[in-house]
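Student: See target-v6.csv below, with CSV, C-alpha atoms and all ligand atoms.
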```
chain,number,residue,atom,x,y,z
A,1,MET,CA,-63.2,117.9,-22.0
A,2,GLN,CA,-60.8,118.3,-19.1
A,3,ILE,CA,-58.2,115.9,-17.8
A,4,LYS,CA,-56.8,115.9,-14.4
A,5,ILE,CA,-54.2,113.4,-13.2
A,6,HIS,CA,-54.7,113.4,-9.5
A,7,ARG,CA,-51.8,111.0,-9.1
A,8,GLY,CA,-49.7,108.9,-11.4
A,9,VAL,CA,-47.3,111.3,-13.1
A,10,ASN,CA,-43.6,110.5,-12.5
A,11,GLN,CA,-44.5,107.4,-10.4
A,12,ILE,CA,-45.4,103.8,-11.1
A,13,GLY,CA,-48.9,103.1,-9.6
A,14,GLY,CA,-51.2,105.1,-7.3
A,15,CYS,CA,-53.1,106.0,-10.5
A,16,ILE,CA,-56.1,108.3,-10.3
A,17,THR,CA,-57.3,110.2,-13.4
A,18,GLU,CA,-60.4,112.5,-13.6
A,19,ILE,CA,-62.1,113.3,-16.9
A,20,LYS,CA,-64.7,116.0,-17.0
A,21,SER,CA,-67.1,117.1,-19.7
A,22,LYS,CA,-69.8,119.8,-19.7
A,23,LYS,CA,-72.2,117.5,-17.9
A,24,ALA,CA,-70.3,114.5,-16.6
A,25,ARG,CA,-67.3,113.8,-14.4
A,26,ILE,CA,-65.7,110.3,-14.0
A,27,LEU,CA,-62.6,108.8,-12.4
A,28,ILE,CA,-60.4,106.2,-14.1
A,29,ASP,CA,-58.7,104.0,-11.5
A,30,ILE,CA,-58.4,104.7,-7.8
A,31,GLY,CA,-55.0,103.1,-7.0
A,32,THR,CA,-52.9,103.0,-3.9
A,33,ASN,CA,-49.2,103.8,-4.1
A,34,LEU,CA,-47.1,100.7,-4.4
A,35,PRO,CA,-45.4,99.8,-1.1
A,36,THR,CA,-42.0,100.9,-2.4
A,37,CYS,CA,-43.2,104.2,-4.0
A,38,GLU,CA,-41.8,107.3,-2.5
A,39,SER,CA,-44.5,109.6,-3.9
A,40,LYS,CA,-45.8,112.2,-1.4
A,41,VAL,CA,-48.8,113.0,-3.5
A,42,LYS,CA,-51.9,112.8,-1.2
A,43,VAL,CA,-55.3,112.4,-2.8
A,44,ASN,CA,-58.6,112.6,-0.8
A,45,VAL,CA,-60.5,110.0,-2.8
A,46,TYR,CA,-63.7,110.5,-0.8
A,47,LYS,CA,-63.7,114.2,-1.6
A,48,ILE,CA,-63.0,113.9,-5.4
A,49,SER,CA,-65.4,110.9,-5.8
A,50,LYS,CA,-68.2,112.9,-4.2
A,51,LYS,CA,-68.4,115.1,-7.3
A,52,CYS,CA,-68.2,112.2,-9.8
A,53,ASP,CA,-70.9,110.3,-11.7
A,54,ALA,CA,-68.9,107.0,-11.8
A,55,VAL,CA,-65.5,105.4,-11.2
A,56,PHE,CA,-64.0,103.0,-13.8
A,57,ILE,CA,-61.4,100.4,-12.9
A,58,SER,CA,-59.0,99.3,-15.7
A,59,HIS,CA,-57.8,96.2,-13.8
A,60,TYR,CA,-57.5,94.7,-10.3
A,61,HIS,CA,-53.9,95.5,-9.4
A,62,LEU,CA,-53.9,97.4,-6.2
A,63,ASP,CA,-52.1,100.4,-7.7
A,64,HIS,CA,-55.4,100.9,-9.8
A,65,ILE,CA,-58.1,99.7,-7.4
A,66,GLY,CA,-56.7,99.8,-3.9
A,67,GLU,CA,-58.6,102.9,-2.7
A,68,TYR,CA,-62.0,101.6,-3.5
A,69,MET,CA,-63.3,101.7,0.1
A,70,LYS,CA,-62.7,105.5,0.1
A,71,VAL,CA,-65.1,106.1,-2.9
A,72,LYS,CA,-68.3,107.8,-1.7
A,73,LYS,CA,-70.8,105.0,-1.3
A,74,ASP,CA,-73.5,106.0,-3.8
A,75,VAL,CA,-71.0,106.6,-6.6
A,76,PRO,CA,-71.1,103.5,-8.9
A,77,ILE,CA,-67.8,101.7,-9.4
A,78,TYR,CA,-67.4,99.7,-12.7
A,79,ILE,CA,-65.0,96.9,-13.5
A,80,GLY,CA,-64.7,94.0,-15.9
A,81,GLU,CA,-67.0,91.1,-15.1
A,82,GLN,CA,-64.2,88.5,-14.7
A,83,ALA,CA,-61.9,90.9,-13.1
A,84,LYS,CA,-64.5,91.5,-10.4
A,85,GLU,CA,-64.8,87.8,-9.6
A,86,VAL,CA,-61.1,87.1,-9.6
A,87,PHE,CA,-60.5,90.1,-7.4
A,88,THR,CA,-63.3,89.0,-5.0
A,89,ILE,CA,-61.7,85.5,-4.6
A,90,TYR,CA,-58.3,87.2,-4.0
A,91,GLN,CA,-59.8,89.6,-1.4
A,92,ARG,CA,-61.6,86.7,0.3
A,93,LYS,CA,-58.2,85.0,0.6
A,94,MET,CA,-56.7,88.2,2.0
A,95,LYS,CA,-59.4,88.2,4.7
A,96,GLU,CA,-57.9,85.1,6.3
A,97,PRO,CA,-56.2,85.9,9.6
A,98,ASN,CA,-52.6,87.1,9.5
A,99,ILE,CA,-52.6,87.8,5.7
A,100,ALA,CA,-53.9,91.3,5.1
A,101,GLU,CA,-56.4,93.8,6.5
A,102,VAL,CA,-59.4,92.9,4.4
A,103,THR,CA,-62.7,92.8,6.3
A,104,GLN,CA,-66.3,91.7,5.5
A,105,GLU,CA,-66.9,95.4,4.7
A,106,HIS,CA,-64.5,95.2,1.8
A,107,LEU,CA,-66.3,92.2,0.4
A,108,ASP,CA,-69.7,93.8,0.8
A,109,ARG,CA,-68.5,96.9,-1.0
A,110,LEU,CA,-67.0,94.7,-3.8
A,111,LYS,CA,-70.4,93.1,-4.3
A,112,THR,CA,-71.9,96.4,-5.2
A,113,PHE,CA,-69.4,96.9,-8.1
A,114,GLN,CA,-71.1,97.1,-11.5
A,115,THR,CA,-69.6,95.4,-14.5
A,116,PHE,CA,-68.9,96.3,-18.1
A,117,LYS,CA,-68.3,94.1,-21.1
A,118,GLN,CA,-65.7,94.3,-23.8
A,119,ASP,CA,-66.5,96.8,-26.5
A,120,VAL,CA,-69.9,97.6,-25.0
A,121,PRO,CA,-70.1,101.4,-24.4
A,122,ILE,CA,-71.5,102.9,-21.2
A,123,VAL,CA,-73.0,106.3,-21.5
A,124,ILE,CA,-72.6,108.7,-18.6
A,125,LYS,CA,-74.6,111.9,-19.5
A,126,ASP,CA,-72.7,113.4,-22.4
A,127,LEU,CA,-69.7,111.0,-22.2
A,128,LYS,CA,-69.4,107.6,-23.8
A,129,LEU,CA,-66.9,105.2,-22.4
A,130,THR,CA,-65.9,102.0,-24.3
A,131,PRO,CA,-63.9,99.3,-22.5
A,132,ILE,CA,-61.2,97.8,-24.8
A,133,ARG,CA,-59.8,94.5,-23.5
A,134,ILE,CA,-56.0,94.4,-23.6
A,135,ASP,CA,-53.2,92.2,-22.5
A,136,HIS,CA,-51.6,92.7,-19.1
A,137,SER,CA,-50.4,90.7,-16.1
A,138,ALA,CA,-53.9,91.0,-14.6
A,139,PHE,CA,-56.7,89.1,-16.3
A,140,ASP,CA,-59.6,90.9,-17.9
A,141,SER,CA,-57.8,94.3,-18.1
A,142,TYR,CA,-59.0,97.2,-20.1
A,143,MET,CA,-58.1,100.4,-21.9
A,144,PHE,CA,-60.9,103.0,-22.0
A,145,LEU,CA,-62.0,105.1,-25.0
A,146,ILE,CA,-63.8,108.2,-23.6
A,147,GLU,CA,-65.7,110.3,-26.1
A,148,ASN,CA,-68.0,113.2,-26.3
A,149,GLU,CA,-69.4,114.9,-29.4
A,150,ASP,CA,-66.0,116.2,-30.6
A,151,LYS,CA,-63.1,114.8,-28.5
A,152,ARG,CA,-61.7,111.3,-28.1
A,153,ILE,CA,-59.4,110.3,-25.2
A,154,LEU,CA,-57.8,106.9,-24.8
A,155,HIS,CA,-56.7,105.9,-21.3
A,156,THR,CA,-54.4,102.9,-21.6
A,157,GLY,CA,-54.5,101.6,-18.0
A,158,ASP,CA,-51.6,99.0,-17.9
A,159,PHE,CA,-51.0,97.1,-21.1
A,160,ARG,CA,-48.4,95.2,-23.2
A,161,THR,CA,-48.2,94.0,-26.7
A,162,HIS,CA,-46.0,90.9,-26.2
A,163,GLY,CA,-48.7,88.7,-24.5
A,164,HIS,CA,-51.1,86.0,-25.8
A,165,ILE,CA,-54.1,88.2,-26.5
A,166,SER,CA,-52.2,91.1,-28.0
A,167,LYS,CA,-50.7,89.2,-30.9
A,168,ASP,CA,-52.7,91.2,-33.5
A,169,ILE,CA,-52.4,94.7,-32.1
A,170,SER,CA,-53.8,96.4,-35.3
A,171,GLN,CA,-57.0,94.4,-34.9
A,172,ILE,CA,-57.5,95.5,-31.3
A,173,PHE,CA,-57.1,99.1,-32.4
A,174,LYS,CA,-58.9,99.0,-35.7
A,175,ASP,CA,-61.8,101.2,-34.6
A,176,ILE,CA,-59.7,103.5,-32.4
A,177,LYS,CA,-58.5,106.2,-34.8
A,178,ASN,CA,-58.5,110.0,-34.6
A,179,ILE,CA,-57.5,110.0,-30.9
A,180,ASP,CA,-57.0,113.5,-29.5
A,181,VAL,CA,-55.2,112.5,-26.4
A,182,ILE,CA,-53.7,109.2,-25.2
A,183,ILE,CA,-53.0,109.0,-21.5
A,184,CYS,CA,-50.3,106.4,-21.8
A,185,GLU,CA,-48.5,104.2,-19.3
A,186,HIS,CA,-44.7,104.0,-19.7
A,187,THR,CA,-43.5,101.7,-16.9
A,188,THR,CA,-40.7,100.1,-18.9
A,189,LEU,CA,-39.2,103.3,-20.4
A,190,SER,CA,-36.9,103.8,-17.5
A,191,ARG,CA,-35.5,100.3,-18.1
A,192,LEU,CA,-34.6,100.5,-21.8
A,193,ASP,CA,-31.5,98.4,-21.3
A,194,GLU,CA,-33.6,95.3,-20.2
A,195,THR,CA,-34.7,92.7,-22.8
A,196,PHE,CA,-38.3,91.5,-22.8
A,197,VAL,CA,-39.2,88.1,-24.2
A,198,SER,CA,-42.8,87.5,-25.4
A,199,GLU,CA,-45.1,85.3,-23.3
A,200,LEU,CA,-44.9,82.7,-26.1
A,201,MET,CA,-41.1,82.6,-26.0
A,202,LEU,CA,-41.3,82.2,-22.2
A,203,GLN,CA,-43.7,79.3,-22.7
A,204,LYS,CA,-41.2,77.6,-25.1
A,205,GLU,CA,-38.4,77.9,-22.6
A,206,ALA,CA,-40.8,76.5,-19.9
A,207,VAL,CA,-41.3,73.4,-22.1
A,208,ASN,CA,-37.6,72.6,-22.0
A,209,LEU,CA,-37.4,73.2,-18.3
A,210,ILE,CA,-40.4,70.9,-17.5
A,211,LYS,CA,-39.0,68.3,-19.9
A,212,ASN,CA,-35.6,68.2,-18.2
A,213,ASN,CA,-36.7,68.4,-14.6
A,214,LYS,CA,-39.0,65.8,-12.9
A,215,TYR,CA,-40.2,68.0,-10.0
A,216,VAL,CA,-41.0,71.6,-10.9
A,217,PHE,CA,-42.1,74.3,-8.5
A,218,ILE,CA,-43.4,77.6,-10.1
A,219,MET,CA,-43.8,80.8,-8.2
A,220,CYS,CA,-45.9,83.5,-10.0
A,221,ALA,CA,-48.8,85.8,-8.9
A,222,SER,CA,-52.0,83.8,-8.4
A,223,THR,CA,-53.9,86.4,-10.5
A,224,ASN,CA,-51.5,86.5,-13.4
A,225,ILE,CA,-53.6,84.1,-15.4
A,226,ASP,CA,-51.7,84.4,-18.7
A,227,ARG,CA,-48.5,83.4,-16.9
A,228,ILE,CA,-50.2,80.4,-15.4
A,229,ALA,CA,-51.5,79.6,-18.8
A,230,SER,CA,-48.0,79.7,-20.3
A,231,PHE,CA,-46.7,77.1,-17.8
A,232,TYR,CA,-49.9,75.0,-18.0
A,233,HIS,CA,-49.7,74.7,-21.8
A,234,ALA,CA,-45.9,74.1,-21.6
A,235,ASN,CA,-46.7,71.2,-19.3
A,236,LYS,CA,-49.4,69.9,-21.6
A,237,GLU,CA,-46.9,69.9,-24.4
A,238,VAL,CA,-44.4,67.8,-22.4
A,239,GLY,CA,-47.4,65.6,-21.8
A,240,ASN,CA,-47.1,63.3,-18.8
A,241,LYS,CA,-47.1,65.3,-15.5
A,242,LEU,CA,-49.7,66.5,-13.0
A,243,PHE,CA,-50.2,70.2,-12.8
A,244,ILE,CA,-51.0,71.0,-9.1
A,245,CYS,CA,-52.0,74.0,-7.1
A,246,ASP,CA,-53.8,74.8,-3.8
A,247,ASP,CA,-57.6,75.2,-3.3
A,248,TYR,CA,-57.5,79.0,-3.6
A,249,GLN,CA,-55.7,79.0,-6.9
A,250,LYS,CA,-58.0,76.2,-8.2
A,251,GLU,CA,-61.0,78.3,-7.3
A,252,ILE,CA,-59.7,81.2,-9.5
A,253,LEU,CA,-58.7,78.8,-12.4
A,254,ASN,CA,-62.1,77.0,-12.2
A,255,TYR,CA,-63.9,80.4,-12.6
A,256,ILE,CA,-61.7,81.4,-15.5
A,257,THR,CA,-62.3,78.1,-17.2
A,258,GLU,CA,-66.0,78.3,-16.9
A,259,THR,CA,-66.3,81.9,-18.1
A,260,SER,CA,-63.7,82.0,-20.8
A,261,LYS,CA,-65.0,79.2,-23.1
A,262,LYS,CA,-66.6,81.7,-25.5
A,263,TYR,CA,-63.2,83.4,-26.0
A,264,GLU,CA,-60.7,80.7,-26.6
A,265,ASP,CA,-59.7,77.4,-25.1
A,266,TYR,CA,-56.4,79.0,-24.1
A,267,TYR,CA,-58.0,79.6,-20.7
A,268,ASP,CA,-59.2,76.1,-20.2
A,269,PHE,CA,-57.5,74.9,-17.0
A,270,SER,CA,-59.7,71.9,-16.5
A,271,GLU,CA,-56.7,69.5,-16.1
A,272,VAL,CA,-55.2,71.5,-13.2
A,273,GLN,CA,-55.7,69.6,-9.9
A,274,SER,CA,-55.8,71.0,-6.4
A,275,PHE,CA,-53.6,68.9,-4.1
A,276,ASP,CA,-55.1,65.7,-2.7
A,277,ARG,CA,-53.2,63.0,-0.7
A,278,ARG,CA,-54.3,60.5,-3.3
A,279,LEU,CA,-52.1,62.2,-5.9
A,280,TYR,CA,-49.0,61.9,-3.8
A,281,LYS,CA,-47.7,58.6,-5.2
A,282,GLU,CA,-48.2,59.7,-8.8
A,283,MET,CA,-46.4,63.0,-8.0
A,284,VAL,CA,-43.4,61.0,-6.6
A,285,ASP,CA,-43.4,58.5,-9.5
A,286,ASN,CA,-44.1,60.7,-12.5
A,287,GLY,CA,-43.1,64.1,-11.4
A,288,PHE,CA,-45.3,67.3,-11.5
A,289,CYS,CA,-45.5,71.0,-11.9
A,290,MET,CA,-46.8,72.8,-8.9
A,291,LEU,CA,-47.8,76.4,-8.4
A,292,VAL,CA,-46.5,77.6,-5.0
A,293,ARG,CA,-46.7,80.7,-2.9
A,294,SER,CA,-44.9,81.8,0.2
A,295,ASN,CA,-46.6,79.7,2.8
A,296,TYR,CA,-46.2,76.6,5.0
A,297,PHE,CA,-48.2,74.4,2.6
A,298,SER,CA,-45.8,75.1,-0.3
A,299,LYS,CA,-42.7,74.9,1.8
A,300,LYS,CA,-43.6,71.4,2.9
A,301,PHE,CA,-43.4,70.1,-0.6
A,302,ILE,CA,-40.3,72.1,-1.6
A,303,ASN,CA,-38.4,70.7,1.4
A,304,SER,CA,-39.6,67.2,1.1
A,305,PRO,CA,-36.8,64.6,0.7
A,306,ASN,CA,-39.2,62.9,-1.8
A,307,PHE,CA,-38.8,65.8,-4.2
A,308,LYS,CA,-35.1,66.4,-3.9
A,309,ASP,CA,-33.4,67.7,-7.1
A,310,ASN,CA,-36.4,69.8,-7.9
A,311,LEU,CA,-36.4,72.9,-10.1
A,312,PHE,CA,-37.7,76.1,-8.6
A,313,ILE,CA,-38.9,78.6,-11.2
A,314,TYR,CA,-39.2,82.2,-10.0
A,315,SER,CA,-41.6,83.9,-12.4
A,316,GLN,CA,-42.3,87.4,-11.1
A,317,TRP,CA,-40.4,90.7,-10.7
A,318,LEU,CA,-36.9,90.3,-9.3
A,319,GLY,CA,-37.3,93.4,-7.3
A,320,TYR,CA,-39.3,91.4,-4.7
A,321,LEU,CA,-36.2,89.4,-3.9
A,322,LYS,CA,-33.5,92.0,-3.4
A,323,GLY,CA,-32.9,95.7,-3.1
A,324,SER,CA,-35.0,98.5,-1.7
A,325,SER,CA,-38.3,96.9,-2.9
A,326,ALA,CA,-37.6,93.4,-1.5
A,327,ASP,CA,-40.6,91.6,0.1
A,328,LYS,CA,-39.4,89.7,3.1
A,329,ASN,CA,-42.1,87.0,2.8
A,330,ILE,CA,-41.0,86.3,-0.8
A,331,SER,CA,-37.3,86.7,-0.4
A,332,GLU,CA,-37.2,84.3,2.6
A,333,PHE,CA,-39.4,81.7,0.8
A,334,VAL,CA,-37.5,81.5,-2.5
A,335,PRO,CA,-34.6,79.0,-2.2
A,336,LYS,CA,-31.1,80.1,-2.8
A,337,GLU,CA,-31.0,78.3,-6.1
A,338,TYR,CA,-33.8,79.3,-8.4
A,339,TYR,CA,-34.4,79.6,-12.2
A,340,TYR,CA,-35.6,83.1,-13.2
A,341,LEU,CA,-38.2,83.0,-16.0
A,342,HIS,CA,-40.3,86.1,-16.3
A,343,THR,CA,-41.4,88.8,-18.7
A,344,SER,CA,-43.0,92.2,-18.0
A,345,GLY,CA,-46.8,92.9,-18.0
A,346,HIS,CA,-46.0,96.3,-19.4
A,347,ALA,CA,-45.5,97.5,-22.9
A,348,THR,CA,-41.9,97.8,-24.2
A,349,ALA,CA,-40.8,100.9,-25.9
A,350,GLN,CA,-41.5,99.2,-29.2
A,351,GLY,CA,-45.0,98.3,-28.0
A,352,ILE,CA,-45.8,101.8,-27.0
A,353,ILE,CA,-44.5,103.1,-30.4
A,354,GLU,CA,-46.6,100.5,-32.2
A,355,VAL,CA,-49.8,101.6,-30.5
A,356,CYS,CA,-49.2,105.3,-30.9
A,357,ASN,CA,-48.5,104.8,-34.6
A,358,ILE,CA,-51.8,103.0,-35.1
A,359,ILE,CA,-54.0,105.5,-33.2
A,360,LYS,CA,-51.9,108.6,-34.1
A,361,PRO,CA,-52.8,110.7,-31.1
A,362,LYS,CA,-52.5,114.5,-31.3
A,363,ILE,CA,-51.2,114.6,-27.7
A,364,ILE,CA,-49.6,112.1,-25.4
A,365,ILE,CA,-49.9,112.4,-21.6
A,366,PRO,CA,-47.5,110.0,-20.0
A,367,ILE,CA,-48.5,108.4,-16.7
A,368,HIS,CA,-47.5,105.3,-14.7
A,369,GLY,CA,-43.7,105.6,-15.3
A,370,GLU,CA,-40.8,106.8,-13.2
A,371,ASN,CA,-40.0,109.9,-15.3
A,372,SER,CA,-42.4,111.3,-18.0
A,373,LYS,CA,-39.4,112.8,-19.8
A,374,ASP,CA,-38.4,109.2,-20.7
A,375,PHE,CA,-41.2,109.4,-23.3
A,376,ASP,CA,-39.3,112.1,-25.2
A,377,LYS,CA,-36.6,109.5,-25.9
A,378,LEU,CA,-39.0,107.7,-28.2
A,379,GLU,CA,-39.0,110.7,-30.6
A,380,LEU,CA,-42.6,110.1,-31.7
A,381,PRO,CA,-44.1,112.6,-34.1
A,382,TYR,CA,-46.8,113.5,-31.6
A,383,GLN,CA,-46.7,116.2,-29.0
A,384,VAL,CA,-45.9,114.9,-25.5
A,385,LYS,CA,-47.5,116.9,-22.8
A,386,HIS,CA,-45.8,116.6,-19.4
A,387,LEU,CA,-48.7,117.1,-17.1
A,388,LYS,CA,-48.1,117.6,-13.4
A,389,ASN,CA,-50.1,115.7,-10.7
A,390,LYS,CA,-53.3,117.6,-9.9
A,391,LYS,CA,-53.0,120.0,-12.8
A,392,LYS,CA,-55.9,120.4,-15.1
A,393,PHE,CA,-55.5,120.0,-18.8
A,394,LYS,CA,-58.2,121.3,-21.2
A,395,VAL,CA,-58.4,119.2,-24.3
A,396,LYS,CA,-58.8,122.1,-26.8
A,397,ILE,CA,-56.8,120.9,-29.7
A,398,LYS,CA,-58.3,122.2,-32.9
A,399,LYS,CA,-57.6,125.9,-32.3
A,400,GLU,CA,-55.2,126.1,-29.5
A,401,MET,CA,-53.9,124.2,-26.5
A,402,LYS,CA,-54.5,125.6,-23.1
A,403,GLU,CA,-53.4,124.5,-19.7
A,404,LYS,CA,-55.3,125.8,-16.8
B,501,ZN,ZN,-50.1,99.6,-12.5
B,502,ZN,ZN,-51.2,96.5,-13.5
```
Would you mind writing the file's structure down as structure tokens?

Tutor:
Amino acid sequence: MQIKIHRGVNQIGGCITEIKSKKARILIDIGTNLPTCESKVKVNVYKISKKCDAVFISHYHLDHIGEYMKVKKDVPIYIGEQAKEVFTIYQRKMKEPNIAEVTQEHLDRLKTFQTFKQDVPIVIKDLKLTPIRIDHSAFDSYMFLIENEDKRILHTGDFRTHGHISKDISQIFKDIKNIDVIICEHTTLSRLDETFVSELMLQKEAVNLIKNNKYVFIMCASTNIDRIASFYHANKEVGNKLFICDDYQKEILNYITETSKKYEDYYDFSEVQSFDRRLYKEMVDNGFCMLVRSNYFSKKFINSPNFKDNLFIYSQWLGYLKGSSADKNISEFVPKEYYYLHTSGHATAQGIIEVCNIIKPKIIIPIHGENSKDFDKLELPYQVKHLKNKKKFKVKIKKEMKEK
């Protein structure tokens, strides 16, 4: 098999990986560069997709799916079933005037996406691809195990091991042994000095905050379902407050609730309520938790004299608030005084080591990180191959290793 990272080495996001066997050729992710990314790597997605049998999307973050309109029309695009629906609701919201440049054409294309199911392999000629559900800040995210008769490649997408559904990591990887190559994300390795709490610890801290503050506003990504679950369950534990959001968020949570029952009741958001005037008195009297985003609707509540002495919890990346990657919409919306409660959607160094030690890859190809050399700091007993963007790598491990 051959691996070609079109984009995604020494940069976070913009991921596009090609895997080619004797008979098949597929793409894993077709991401756009993050707005703050300085990468100059240009990829002609139409041209490379033309030669491919299929495109597989690990999850709906734009740095993995953003170029989907550029994929040649008759090439099938696959994504997780729930991920497809959540992303569709999100794109529909982005179609509203003055939000983003999403058109009906985008929605029509999205409709044609095919879906895969957890652990159910898809065969593309001589390749077999198995989606493995993993934990990330996007719901219904996957790693991909790609095999042919003698080689096994694991593409990690974005993942972490400190979330709710990744508690038992050895169980997730129990059938994924004898991996020849892992193409592994390493977003956090350039920030080894940061500390990362688990999603569960975050939830425990949220319990205290909700207990001690009558009116609580929470800002997190509308599609970070596990984070919303952390606050929702924290609020349930406290026990007496409404959990409020807007209609758009409620549509996403309704869908998750309906389709996740078979997995676990963790994703049962049936007590979340979208705002209704009739709730106002109860909100004033008993307090509430409210999911907010940078818009006029949310601002009205935050500035209301009725909800003075509120707590504003900021639960996403601090980089949006200040520095070179600041987002004006967000930084102008968040009040001067806020409480920061967040944890990364990406694996810590410890998490990456844990996964590598379970699957014992012969070769590691780092992607989705600022500097692939950061991987060497982990001193893992597996060979790290620092591939360059657009360079082919022939998986020829048994006898010799060649780079073309
Ligand atoms: Zn990413
Ligand atoms: Zn992601």

Student: Pick the closest to ligand ZN 502 (chain B) from A:Glu237, A:Glu194, A:Glu96, A:Asp135: which is it, counting only C-alpha atoms and all ligand atoms?

Tutor: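 Checking each of A:Glu237, A:Glu194, A:Glu96, A:Asp135 against ligand ZN 502 (chain B), counting only C-alpha atoms and all ligand atoms, the winner is A:Asp135.
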
Student: Using only C-alpha atoms and all ligand atoms, determine which residues fall within 6 Å of ligand ZN 501 (chain B), then list them as a ChimeraX atom specification.

Tutor: /A:13,63,158

Student: Would you mind exporting the chosen residues as a compact mmCIF listing (two decimals), in the frame of the given file, restricted to C-alpha atoms?

Tutor:
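Written file, selection27.txt:
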```txt
# COMPACT_ATOMS: atom_id res chain seq x y z
CA GLY A 13 -48.90 103.10 -9.60
CA ASP A 63 -52.10 100.40 -7.70
CA ASP A 158 -51.60 99.00 -17.90
```

Student: Could you check how far atom CA of Leu242 of chain A sits from atom CA of Ala206 of chain A, in Å to one decimal?

Tutor: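 Separation between atom CA of Leu242 of chain A and atom CA of Ala206 of chain A: 15.1 Å.
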
Student: Which residues, written as a VMD selection string, have at least one atom at most 10 Å from His164 of chain A, with all atoms listed in the file counted and residues fewer than 2 positions away on the same chain left out?

Tutor: chain A and resid 134 to 136 160 to 162 166 to 168 198 to 200 226 to 227 229 to 230 266

Student: Can you spit out the residues from that selection as a PDB file, keeping the file's coordinate frame, using C-alpha atoms?

Tutor:
```
ATOM      1  CA  ILE A 134     -56.000  94.400 -23.600  1.00  0.00           C
ATOM      2  CA  ASP A 135     -53.200  92.200 -22.500  1.00  0.00           C
ATOM      3  CA  HIS A 136     -51.600  92.700 -19.100  1.00  0.00           C
ATOM      4  CA  ARG A 160     -48.400  95.200 -23.200  1.00  0.00           C
ATOM      5  CA  THR A 161     -48.200  94.000 -26.700  1.00  0.00           C
ATOM      6  CA  HIS A 162     -46.000  90.900 -26.200  1.00  0.00           C
ATOM      7  CA  SER A 166     -52.200  91.100 -28.000  1.00  0.00           C
ATOM      8  CA  LYS A 167     -50.700  89.200 -30.900  1.00  0.00           C
ATOM      9  CA  ASP A 168     -52.700  91.200 -33.500  1.00  0.00           C
ATOM     10  CA  SER A 198     -42.800  87.500 -25.400  1.00  0.00           C
ATOM     11  CA  GLU A 199     -45.100  85.300 -23.300  1.00  0.00           C
ATOM     12  CA  LEU A 200     -44.900  82.700 -26.100  1.00  0.00           C
ATOM     13  CA  ASP A 226     -51.700  84.400 -18.700  1.00  0.00           C
ATOM     14  CA  ARG A 227     -48.500  83.400 -16.900  1.00  0.00           C
ATOM     15  CA  ALA A 229     -51.500  79.600 -18.800  1.00  0.00           C
ATOM     16  CA  SER A 230     -48.000  79.700 -20.300  1.00  0.00           C
ATOM     17  CA  TYR A 266     -56.400  79.000 -24.100  1.00  0.00           C
TER      18      TYR A 266
END
```

Student: Excluding same-chain residues fewer than 5 positions from Met1 of chain A, what lies within 8 Å of it counting all atoms listed in the file, as a list in words?

Tutor: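 My reading of the contact set: Ile19, Lys20, Ser21, Lys22, Asn148, Lys151, Lys394, Val395 and Lys396 of chain A.
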
Student: Please report, as CSV, each residue of chain A lying at most 12 Å from ligand ZN 502 (chain B), together with the nearest pair of atoms and the separation in Å rounded to one decimal; use only C-alpha atoms and all ligand atoms, and order rows by chain and ascending residue number.

Tutor:
```
residue,atom,partner,partner_atom,distance
A:Ile12,CA,B:ZN502,ZN,9.6
A:Gly13,CA,B:ZN502,ZN,8.0
A:Gly14,CA,B:ZN502,ZN,10.6
A:Cys15,CA,B:ZN502,ZN,10.1
A:Asp29,CA,B:ZN502,ZN,10.8
A:Gly31,CA,B:ZN502,ZN,10.0
A:Thr32,CA,B:ZN502,ZN,11.7
A:Leu34,CA,B:ZN502,ZN,10.8
A:Ile57,CA,B:ZN502,ZN,10.9
A:Ser58,CA,B:ZN502,ZN,8.6
A:His59,CA,B:ZN502,ZN,6.6
A:Tyr60,CA,B:ZN502,ZN,7.3
A:His61,CA,B:ZN502,ZN,5.0
A:Leu62,CA,B:ZN502,ZN,7.8
A:Asp63,CA,B:ZN502,ZN,7.0
A:His64,CA,B:ZN502,ZN,7.1
A:Ile65,CA,B:ZN502,ZN,9.7
A:Gly66,CA,B:ZN502,ZN,11.5
A:Ile134,CA,B:ZN502,ZN,11.4
A:Asp135,CA,B:ZN502,ZN,10.2
A:His136,CA,B:ZN502,ZN,6.8
A:Ser137,CA,B:ZN502,ZN,6.4
A:Ala138,CA,B:ZN502,ZN,6.2
A:Phe139,CA,B:ZN502,ZN,9.6
A:Asp140,CA,B:ZN502,ZN,11.0
A:Ser141,CA,B:ZN502,ZN,8.3
A:Tyr142,CA,B:ZN502,ZN,10.2
A:Met143,CA,B:ZN502,ZN,11.5
A:Thr156,CA,B:ZN502,ZN,10.8
A:Gly157,CA,B:ZN502,ZN,7.6
A:Asp158,CA,B:ZN502,ZN,5.1
A:Phe159,CA,B:ZN502,ZN,7.6
A:Arg160,CA,B:ZN502,ZN,10.2
A:Glu185,CA,B:ZN502,ZN,10.0
A:His186,CA,B:ZN502,ZN,11.7
A:Thr187,CA,B:ZN502,ZN,9.9
A:Ala221,CA,B:ZN502,ZN,11.9
A:Thr223,CA,B:ZN502,ZN,10.9
A:Asn224,CA,B:ZN502,ZN,10.0
A:Ser344,CA,B:ZN502,ZN,10.3
A:Gly345,CA,B:ZN502,ZN,7.3
A:His346,CA,B:ZN502,ZN,7.9
A:Ala347,CA,B:ZN502,ZN,11.0
A:His368,CA,B:ZN502,ZN,9.6
A:Gly369,CA,B:ZN502,ZN,11.9
```

Student: Which polymer residues have any atom within 7 Å of an atom of Ile363 of chain A, counting all atoms listed in the file, with same-chain residues fewer than 4 positions away left out, as an mmCIF file with C-alpha atoms, in the frame of the given file?

Tutor:
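So the final result, stored in out26.cif, reads:
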```
data_model
loop_
_atom_site.group_PDB
_atom_site.id
_atom_site.type_symbol
_atom_site.label_atom_id
_atom_site.label_comp_id
_atom_site.auth_asym_id
_atom_site.auth_seq_id
_atom_site.Cartn_x
_atom_site.Cartn_y
_atom_site.Cartn_z
ATOM 1 C CA ASP A 180 -57.000 113.500 -29.500
ATOM 2 C CA VAL A 181 -55.200 112.500 -26.400
ATOM 3 C CA ILE A 182 -53.700 109.200 -25.200
ATOM 4 C CA TYR A 382 -46.800 113.500 -31.600
ATOM 5 C CA GLN A 383 -46.700 116.200 -29.000
ATOM 6 C CA VAL A 384 -45.900 114.900 -25.500
ATOM 7 C CA LYS A 385 -47.500 116.900 -22.800
#
```
